[in-house]
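Quick notes on the structure that follows.
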Amino acid sequence: MSLVLAVTGATGVHAARLLMDKSPWPVTLVASRWGKDVCRRERAPFERLAEGAAEVVDDDDLSAPIASGSVATAGMVVLPCSADALGKIASGLGDSVISRAAHCHLKERRRLVLCVRESPWTLIDLDNARKVAAAGAVVMPISPPFYMAAGKDPDRVTMTDLLDAFADRALAVLGHPPDSTWGTVS
């Protein structure tokens, strides 16, 4: 089984790369058009991200296996998840591989983790998050577990350190235990 990783048009693709590197499962990667654009803008070209994937699926290919509920996966993480992607998933739209695969994960009761990057949230975003959570998704805004930097000089903690800890937390939601937890650093 593979882990489905979707990259949408919000900032934070560095966390997606870290999650891919740490995943105990092979990764099936899909990115929206805007997700690819953000990769480029964040100096992490999609092609470089794709090199670490076991499989890359085009977001327009609705015949891709991950767009079917009959294809078992280890789960799906949308990282980063834009407010647009959150809205589509909350509305049950299946107009792309990302939204269709997310819908399949919900209907098959498989783990779906939406790492929302937008901030601040509108009431619409809050309602959409409530809807997907009620349907079984885990809404996990990109908020690093700052406690993982305990005992370190705050001026020396890097974005990679923080996003690496966030990637561990996202994988833990899928059942892969992290190397460090609050209990081991406090």
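Lettering and numbering for the structure tokens are positional, with chains as A, B, ... in the shown order, residues counted from 1 in each chain, and ligands counted from 1 in the shown order.
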
>> Report as a list of chain:residue names all protein, DNA and RNA residues lying within 8 Å of A:His103, evaluated on only C-alpha atoms, omitting residues in the same chain fewer than 2 positions from it.
In response: A:Ile89, A:Gly92, A:Leu93, A:Gly94, A:Ser99, A:Arg100, A:Ala101, A:His105, A:Leu106, A:Lys107

Since we have the selection now, will you write its residues out, keeping C-alpha atoms, as a short mmCIF file (atom, residue, chain, number, x, y, z; two decimals), in the first residue's frame?
```cif
data_model
loop_
_atom_site.label_atom_id
_atom_site.label_comp_id
_atom_site.auth_asym_id
_atom_site.auth_seq_id
_atom_site.Cartn_x
_atom_site.Cartn_y
_atom_site.Cartn_z
CA ILE A 89 -13.35 18.29 -0.26
CA GLY A 92 -17.87 16.49 -1.97
CA LEU A 93 -16.55 17.66 -5.32
CA GLY A 94 -14.58 15.14 -7.35
CA SER A 99 -10.59 15.97 -4.50
CA ARG A 100 -11.78 12.58 -5.82
CA ALA A 101 -9.11 10.64 -3.88
CA HIS A 105 -10.76 8.14 1.58
CA LEU A 106 -13.73 9.59 3.41
CA LYS A 107 -16.28 7.18 1.98
#
```

Looking only at helix (DSSP H, G or I) from DSSP on the backbone, list the matching residues of stretch 5-186 of chain A as an mmCIF file with N, CA and C atoms, in the first residue's frame.
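This is the output file selection-v4.cif:
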```
data_model
loop_
_atom_site.group_PDB
_atom_site.id
_atom_site.type_symbol
_atom_site.label_atom_id
_atom_site.label_comp_id
_atom_site.auth_asym_id
_atom_site.auth_seq_id
_atom_site.Cartn_x
_atom_site.Cartn_y
_atom_site.Cartn_z
ATOM 1 N N VAL A 13 5.384 23.622 0.945
ATOM 2 C CA VAL A 13 5.789 22.401 0.256
ATOM 3 C C VAL A 13 7.030 21.767 0.888
ATOM 4 N N HIS A 14 7.817 22.543 1.595
ATOM 5 C CA HIS A 14 8.991 21.987 2.271
ATOM 6 C C HIS A 14 8.557 20.897 3.260
ATOM 7 N N ALA A 15 7.435 21.090 3.930
ATOM 8 C CA ALA A 15 6.913 20.080 4.853
ATOM 9 C C ALA A 15 6.509 18.820 4.097
ATOM 10 N N ALA A 16 5.987 18.969 2.882
ATOM 11 C CA ALA A 16 5.614 17.804 2.071
ATOM 12 C C ALA A 16 6.845 16.978 1.733
ATOM 13 N N ARG A 17 7.926 17.635 1.388
ATOM 14 C CA ARG A 17 9.166 16.908 1.076
ATOM 15 C C ARG A 17 9.665 16.140 2.295
ATOM 16 N N LEU A 18 9.628 16.788 3.452
ATOM 17 C CA LEU A 18 10.071 16.120 4.677
ATOM 18 C C LEU A 18 9.189 14.915 4.996
ATOM 19 N N LEU A 19 7.866 15.063 4.799
ATOM 20 C CA LEU A 19 6.962 13.953 5.030
ATOM 21 C C LEU A 19 7.282 12.797 4.084
ATOM 22 N N MET A 20 7.548 13.107 2.835
ATOM 23 C CA MET A 20 7.914 12.059 1.869
ATOM 24 C C MET A 20 9.174 11.333 2.317
ATOM 25 N N ASP A 21 10.166 12.090 2.744
ATOM 26 C CA ASP A 21 11.438 11.496 3.165
ATOM 27 C C ASP A 21 11.259 10.566 4.360
ATOM 28 N N LYS A 22 10.328 10.872 5.239
ATOM 29 C CA LYS A 22 10.125 10.109 6.469
ATOM 30 C C LYS A 22 9.092 8.990 6.335
ATOM 31 N N ARG A 33 -2.332 22.156 -10.194
ATOM 32 C CA ARG A 33 -1.588 23.115 -11.025
ATOM 33 C C ARG A 33 -0.989 24.195 -10.134
ATOM 34 N N TRP A 34 -1.770 24.701 -9.174
ATOM 35 C CA TRP A 34 -1.271 25.752 -8.288
ATOM 36 C C TRP A 34 -0.275 25.199 -7.282
ATOM 37 N N GLY A 35 -0.417 23.925 -6.928
ATOM 38 C CA GLY A 35 0.577 23.295 -6.062
ATOM 39 C C GLY A 35 1.937 23.262 -6.727
ATOM 40 N N LYS A 36 1.948 22.940 -8.023
ATOM 41 C CA LYS A 36 3.213 22.939 -8.770
ATOM 42 C C LYS A 36 3.791 24.342 -8.862
ATOM 43 N N ASP A 37 2.921 25.326 -9.038
ATOM 44 C CA ASP A 37 3.378 26.714 -9.111
ATOM 45 C C ASP A 37 4.008 27.155 -7.787
ATOM 46 N N VAL A 38 3.383 26.777 -6.679
ATOM 47 C CA VAL A 38 3.938 27.130 -5.371
ATOM 48 C C VAL A 38 5.280 26.430 -5.163
ATOM 49 N N CYS A 39 5.398 25.190 -5.598
ATOM 50 C CA CYS A 39 6.691 24.494 -5.509
ATOM 51 C C CYS A 39 7.777 25.338 -6.176
ATOM 52 N N ARG A 40 7.493 25.793 -7.366
ATOM 53 C CA ARG A 40 8.463 26.599 -8.106
ATOM 54 C C ARG A 40 8.798 27.875 -7.347
ATOM 55 N N ARG A 41 7.779 28.537 -6.828
ATOM 56 C CA ARG A 41 7.999 29.803 -6.118
ATOM 57 C C ARG A 41 8.771 29.610 -4.815
ATOM 58 N N PHE A 46 8.656 21.018 -8.564
ATOM 59 C CA PHE A 46 7.863 19.804 -8.439
ATOM 60 C C PHE A 46 8.639 18.590 -8.934
ATOM 61 N N GLU A 47 9.425 18.769 -9.978
ATOM 62 C CA GLU A 47 10.187 17.654 -10.529
ATOM 63 C C GLU A 47 11.142 17.077 -9.487
ATOM 64 N N ARG A 48 11.716 17.944 -8.672
ATOM 65 C CA ARG A 48 12.619 17.476 -7.613
ATOM 66 C C ARG A 48 11.826 16.728 -6.537
ATOM 67 N N LEU A 49 10.664 17.236 -6.197
ATOM 68 C CA LEU A 49 9.794 16.563 -5.230
ATOM 69 C C LEU A 49 9.369 15.202 -5.776
ATOM 70 N N ALA A 50 9.042 15.161 -7.057
ATOM 71 C CA ALA A 50 8.574 13.929 -7.693
ATOM 72 C C ALA A 50 9.633 12.829 -7.702
ATOM 73 N N PRO A 65 -5.624 5.067 -10.418
ATOM 74 C CA PRO A 65 -6.105 4.147 -9.387
ATOM 75 C C PRO A 65 -6.477 4.824 -8.060
ATOM 76 N N ILE A 66 -5.745 5.858 -7.636
ATOM 77 C CA ILE A 66 -6.060 6.488 -6.351
ATOM 78 C C ILE A 66 -7.378 7.254 -6.378
ATOM 79 N N ALA A 67 -7.969 7.411 -7.557
ATOM 80 C CA ALA A 67 -9.275 8.071 -7.672
ATOM 81 C C ALA A 67 -10.420 7.076 -7.512
ATOM 82 N N ALA A 83 -7.214 26.573 1.180
ATOM 83 C CA ALA A 83 -8.623 26.767 1.531
ATOM 84 C C ALA A 83 -9.506 26.306 0.377
ATOM 85 N N ASP A 84 -9.034 26.454 -0.846
ATOM 86 C CA ASP A 84 -9.775 25.998 -2.016
ATOM 87 C C ASP A 84 -9.940 24.478 -1.983
ATOM 88 N N ALA A 85 -8.854 23.762 -1.737
ATOM 89 C CA ALA A 85 -8.931 22.292 -1.666
ATOM 90 C C ALA A 85 -9.824 21.861 -0.504
ATOM 91 N N LEU A 86 -9.685 22.506 0.638
ATOM 92 C CA LEU A 86 -10.539 22.212 1.786
ATOM 93 C C LEU A 86 -12.008 22.380 1.407
ATOM 94 N N GLY A 87 -12.338 23.465 0.710
ATOM 95 C CA GLY A 87 -13.713 23.728 0.293
ATOM 96 C C GLY A 87 -14.244 22.677 -0.664
ATOM 97 N N LYS A 88 -13.414 22.279 -1.631
ATOM 98 C CA LYS A 88 -13.846 21.251 -2.577
ATOM 99 C C LYS A 88 -14.104 19.928 -1.873
ATOM 100 N N ILE A 89 -13.201 19.553 -0.974
ATOM 101 C CA ILE A 89 -13.352 18.288 -0.262
ATOM 102 C C ILE A 89 -14.591 18.345 0.630
ATOM 103 N N ALA A 90 -14.792 19.464 1.328
ATOM 104 C CA ALA A 90 -15.952 19.618 2.200
ATOM 105 C C ALA A 90 -17.259 19.557 1.415
ATOM 106 N N SER A 91 -17.229 19.990 0.159
ATOM 107 C CA SER A 91 -18.440 20.007 -0.669
ATOM 108 C C SER A 91 -18.670 18.694 -1.413
ATOM 109 N N VAL A 97 -8.116 14.637 -9.348
ATOM 110 C CA VAL A 97 -7.670 13.437 -8.630
ATOM 111 C C VAL A 97 -7.575 13.736 -7.139
ATOM 112 N N ILE A 98 -7.096 14.932 -6.786
ATOM 113 C CA ILE A 98 -6.955 15.254 -5.369
ATOM 114 C C ILE A 98 -8.309 15.218 -4.661
ATOM 115 N N SER A 99 -9.292 15.935 -5.186
ATOM 116 C CA SER A 99 -10.593 15.974 -4.503
ATOM 117 C C SER A 99 -11.304 14.625 -4.585
ATOM 118 N N ARG A 100 -11.147 13.902 -5.684
ATOM 119 C CA ARG A 100 -11.781 12.584 -5.820
ATOM 120 C C ARG A 100 -11.132 11.570 -4.871
ATOM 121 N N ALA A 101 -9.796 11.568 -4.790
ATOM 122 C CA ALA A 101 -9.107 10.639 -3.880
ATOM 123 C C ALA A 101 -9.478 10.944 -2.430
ATOM 124 N N ALA A 102 -9.573 12.222 -2.087
ATOM 125 C CA ALA A 102 -9.977 12.601 -0.731
ATOM 126 C C ALA A 102 -11.393 12.084 -0.453
ATOM 127 N N HIS A 103 -12.283 12.263 -1.421
ATOM 128 C CA HIS A 103 -13.659 11.765 -1.275
ATOM 129 C C HIS A 103 -13.654 10.251 -1.044
ATOM 130 N N CYS A 104 -12.834 9.533 -1.803
ATOM 131 C CA CYS A 104 -12.749 8.071 -1.649
ATOM 132 C C CYS A 104 -12.241 7.688 -0.268
ATOM 133 N N HIS A 105 -11.267 8.441 0.238
ATOM 134 C CA HIS A 105 -10.760 8.142 1.581
ATOM 135 C C HIS A 105 -11.852 8.340 2.631
ATOM 136 N N LEU A 106 -12.643 9.367 2.462
ATOM 137 C CA LEU A 106 -13.733 9.592 3.407
ATOM 138 C C LEU A 106 -14.784 8.488 3.318
ATOM 139 N N LYS A 107 -15.203 8.164 2.115
ATOM 140 C CA LYS A 107 -16.284 7.184 1.982
ATOM 141 C C LYS A 107 -15.851 5.779 2.361
ATOM 142 N N LEU A 123 -15.040 32.333 8.402
ATOM 143 C CA LEU A 123 -16.097 31.468 8.912
ATOM 144 C C LEU A 123 -16.367 30.330 7.926
ATOM 145 N N ILE A 124 -16.229 30.611 6.643
ATOM 146 C CA ILE A 124 -16.411 29.572 5.622
ATOM 147 C C ILE A 124 -15.372 28.471 5.808
ATOM 148 N N ASP A 125 -14.101 28.858 6.038
ATOM 149 C CA ASP A 125 -13.037 27.865 6.260
ATOM 150 C C ASP A 125 -13.347 27.020 7.498
ATOM 151 N N LEU A 126 -13.789 27.681 8.567
ATOM 152 C CA LEU A 126 -14.134 26.959 9.798
ATOM 153 C C LEU A 126 -15.276 25.968 9.550
ATOM 154 N N ASP A 127 -16.282 26.410 8.814
ATOM 155 C CA ASP A 127 -17.397 25.511 8.488
ATOM 156 C C ASP A 127 -16.925 24.339 7.638
ATOM 157 N N ASN A 128 -16.059 24.610 6.667
ATOM 158 C CA ASN A 128 -15.533 23.530 5.827
ATOM 159 C C ASN A 128 -14.702 22.548 6.652
ATOM 160 N N ALA A 129 -13.892 23.067 7.569
ATOM 161 C CA ALA A 129 -13.095 22.194 8.436
ATOM 162 C C ALA A 129 -14.014 21.338 9.319
ATOM 163 N N ARG A 130 -15.065 21.942 9.832
ATOM 164 C CA ARG A 130 -16.021 21.191 10.640
ATOM 165 C C ARG A 130 -16.675 20.084 9.828
ATOM 166 N N LYS A 131 -17.047 20.394 8.583
ATOM 167 C CA LYS A 131 -17.700 19.399 7.726
ATOM 168 C C LYS A 131 -16.797 18.213 7.433
ATOM 169 N N VAL A 132 -15.539 18.476 7.080
ATOM 170 C CA VAL A 132 -14.648 17.348 6.759
ATOM 171 C C VAL A 132 -14.301 16.558 8.011
ATOM 172 N N ALA A 133 -14.172 17.247 9.153
ATOM 173 C CA ALA A 133 -13.900 16.533 10.409
ATOM 174 C C ALA A 133 -15.083 15.641 10.776
ATOM 175 N N ALA A 134 -16.294 16.139 10.584
ATOM 176 C CA ALA A 134 -17.490 15.339 10.863
ATOM 177 C C ALA A 134 -17.570 14.130 9.940
ATOM 178 N N PHE A 146 6.054 23.178 18.652
ATOM 179 C CA PHE A 146 7.197 23.962 19.112
ATOM 180 C C PHE A 146 7.921 23.318 20.285
ATOM 181 N N TYR A 147 7.226 22.476 21.036
ATOM 182 C CA TYR A 147 7.874 21.812 22.173
ATOM 183 C C TYR A 147 9.033 20.918 21.730
ATOM 184 N N MET A 148 9.058 20.542 20.459
ATOM 185 C CA MET A 148 10.154 19.696 19.983
ATOM 186 C C MET A 148 11.484 20.444 19.973
ATOM 187 N N ALA A 149 11.441 21.756 20.148
ATOM 188 C CA ALA A 149 12.671 22.550 20.217
ATOM 189 C C ALA A 149 13.083 22.803 21.664
ATOM 190 N N PRO A 154 16.441 29.163 20.757
ATOM 191 C CA PRO A 154 15.426 29.518 19.753
ATOM 192 C C PRO A 154 16.021 30.157 18.494
ATOM 193 N N ASP A 155 17.143 30.841 18.636
ATOM 194 C CA ASP A 155 17.778 31.461 17.473
ATOM 195 C C ASP A 155 18.436 30.436 16.556
ATOM 196 N N ARG A 156 18.560 29.209 17.025
ATOM 197 C CA ARG A 156 19.209 28.169 16.224
ATOM 198 C C ARG A 156 18.223 27.118 15.689
ATOM 199 N N MET A 159 13.566 26.370 10.252
ATOM 200 C CA MET A 159 12.270 26.012 9.688
ATOM 201 C C MET A 159 12.237 24.507 9.429
ATOM 202 N N THR A 160 13.338 23.949 8.990
ATOM 203 C CA THR A 160 13.397 22.511 8.747
ATOM 204 C C THR A 160 13.164 21.731 10.037
ATOM 205 N N ASP A 161 13.754 22.175 11.136
ATOM 206 C CA ASP A 161 13.529 21.515 12.428
ATOM 207 C C ASP A 161 12.044 21.491 12.767
ATOM 208 N N LEU A 162 11.387 22.633 12.615
ATOM 209 C CA LEU A 162 9.975 22.738 12.972
ATOM 210 C C LEU A 162 9.085 21.919 12.039
ATOM 211 N N LEU A 163 9.340 22.013 10.736
ATOM 212 C CA LEU A 163 8.504 21.276 9.783
ATOM 213 C C LEU A 163 8.783 19.780 9.825
ATOM 214 N N ASP A 164 10.000 19.402 10.185
ATOM 215 C CA ASP A 164 10.341 17.994 10.354
ATOM 216 C C ASP A 164 9.509 17.394 11.494
ATOM 217 N N ALA A 165 9.402 18.132 12.595
ATOM 218 C CA ALA A 165 8.580 17.679 13.720
ATOM 219 C C ALA A 165 7.103 17.624 13.324
ATOM 220 N N PHE A 166 6.665 18.581 12.500
ATOM 221 C CA PHE A 166 5.278 18.560 12.019
ATOM 222 C C PHE A 166 5.038 17.324 11.151
ATOM 223 N N ALA A 167 5.981 17.004 10.266
ATOM 224 C CA ALA A 167 5.855 15.811 9.415
ATOM 225 C C ALA A 167 5.737 14.555 10.276
ATOM 226 N N ASP A 168 6.522 14.483 11.350
ATOM 227 C CA ASP A 168 6.413 13.350 12.276
ATOM 228 C C ASP A 168 5.007 13.256 12.860
ATOM 229 N N ARG A 169 4.431 14.394 13.241
ATOM 230 C CA ARG A 169 3.081 14.406 13.826
ATOM 231 C C ARG A 169 2.048 13.947 12.795
ATOM 232 N N ALA A 170 2.195 14.389 11.552
ATOM 233 C CA ALA A 170 1.249 13.972 10.505
ATOM 234 C C ALA A 170 1.337 12.466 10.269
ATOM 235 N N LEU A 171 2.540 11.926 10.236
ATOM 236 C CA LEU A 171 2.702 10.482 10.053
ATOM 237 C C LEU A 171 2.182 9.712 11.264
ATOM 238 N N ALA A 172 2.300 10.303 12.452
ATOM 239 C CA ALA A 172 1.767 9.655 13.658
ATOM 240 C C ALA A 172 0.253 9.512 13.583
ATOM 241 N N VAL A 173 -0.412 10.499 13.001
ATOM 242 C CA VAL A 173 -1.868 10.421 12.831
ATOM 243 C C VAL A 173 -2.241 9.215 11.959
ATOM 244 N N TRP A 182 6.441 14.645 23.169
ATOM 245 C CA TRP A 182 6.491 15.554 24.309
ATOM 246 C C TRP A 182 7.165 14.858 25.498
ATOM 247 N N GLY A 183 6.858 13.596 25.694
ATOM 248 C CA GLY A 183 7.395 12.853 26.819
ATOM 249 C C GLY A 183 8.899 12.615 26.750
ATOM 250 N N THR A 184 9.453 12.595 25.551
ATOM 251 C CA THR A 184 10.890 12.322 25.435
ATOM 252 C C THR A 184 11.738 13.593 25.380
ATOM 253 N N VAL A 185 11.101 14.746 25.172
ATOM 254 C CA VAL A 185 11.885 15.993 25.099
ATOM 255 C C VAL A 185 11.683 16.885 26.303
#
```

Long-range neighbours of A:Leu79 as a short mmCIF file (atom, residue, chain, number, x, y, z; two decimals) with N, CA and C atoms, in the first residue's frame, 9 Å cut-off, only C-alpha atoms, 2 positions minimum in chain:
```cif
data_model
loop_
_atom_site.label_atom_id
_atom_site.label_comp_id
_atom_site.auth_asym_id
_atom_site.auth_seq_id
_atom_site.Cartn_x
_atom_site.Cartn_y
_atom_site.Cartn_z
N LEU A 5 0.03 11.44 -1.21
CA LEU A 5 0.42 12.79 -0.79
C LEU A 5 -0.01 13.76 -1.86
N ALA A 6 -0.87 14.68 -1.49
CA ALA A 6 -1.35 15.70 -2.43
C ALA A 6 -0.79 17.05 -2.03
N VAL A 7 -0.31 17.79 -3.00
CA VAL A 7 0.23 19.13 -2.80
C VAL A 7 -0.70 20.10 -3.51
N THR A 8 -1.28 21.04 -2.76
CA THR A 8 -2.16 22.02 -3.38
C THR A 8 -1.54 23.41 -3.29
N ALA A 10 -1.08 26.12 -1.64
CA ALA A 10 -0.79 26.94 -0.46
C ALA A 10 0.69 26.76 -0.15
N GLY A 12 4.12 25.89 1.87
CA GLY A 12 4.48 24.85 2.82
C GLY A 12 4.96 23.57 2.20
N VAL A 13 5.38 23.62 0.95
CA VAL A 13 5.79 22.40 0.26
C VAL A 13 7.03 21.77 0.89
N ALA A 15 7.43 21.09 3.93
CA ALA A 15 6.91 20.08 4.85
C ALA A 15 6.51 18.82 4.10
N ALA A 16 5.99 18.97 2.88
CA ALA A 16 5.61 17.80 2.07
C ALA A 16 6.85 16.98 1.73
N LEU A 19 7.87 15.06 4.80
CA LEU A 19 6.96 13.95 5.03
C LEU A 19 7.28 12.80 4.08
N VAL A 77 -2.58 12.34 2.75
CA VAL A 77 -2.24 13.60 3.39
C VAL A 77 -2.27 14.68 2.31
N CYS A 81 -2.56 22.05 2.30
CA CYS A 81 -3.95 22.04 1.87
C CYS A 81 -4.44 23.48 1.81
N SER A 82 -4.77 23.94 0.63
CA SER A 82 -5.28 25.30 0.47
C SER A 82 -6.73 25.37 0.94
N VAL A 113 -5.76 13.25 6.11
CA VAL A 113 -5.20 14.32 6.93
C VAL A 113 -5.06 15.56 6.06
N LEU A 114 -5.73 16.63 6.44
CA LEU A 114 -5.70 17.88 5.68
C LEU A 114 -4.87 18.90 6.46
N CYS A 115 -3.69 19.19 5.95
CA CYS A 115 -2.75 20.11 6.59
C CYS A 115 -2.96 21.50 6.00
N VAL A 116 -3.92 22.19 6.59
CA VAL A 116 -4.35 23.49 6.07
C VAL A 116 -3.31 24.55 6.39
N ARG A 117 -2.97 25.35 5.39
CA ARG A 117 -1.93 26.35 5.54
C ARG A 117 -2.48 27.77 5.66
N ILE A 142 -0.99 23.53 9.56
CA ILE A 142 0.47 23.49 9.66
C ILE A 142 0.88 24.39 10.82
#
```

> Expressed in Å to a single decimal, how great is the separation between atom CA of A:Arg111 and atom CA of A:Gly75?
Replying inline: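 Here the two named atoms are 4.7 Å from each other.
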
>> What parts of chain A does DSSP call strand (DSSP E or B)? I'd like the answer as number ranges by chain.
In response: A: 3-7, 27-31, 55-58, 75-81, 112-116, 138-139

> In terms of the shortest atom-to-atom distance over only C-alpha atoms, which of A:Leu3, A:Ala74, A:Ala44, A:Ala64 is closest to A:Ser96?
Replying inline: A:Ala64

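Comparing the minimum interatomic distances between A:Ser180 and each of A:Met1, A:Val157, A:Ala54, A:Ala150, counting only C-alpha atoms, we find that A:Ala150 sits nearest.
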
> Can you tell me, as a PyMOL selection string, what residues are no more than 7 Å from A:Ala53 when counting only C-alpha atoms, ignoring any on the same chain fewer than 2 positions away?
Replying inline: chain A and resi 26-29+50-51+55-56
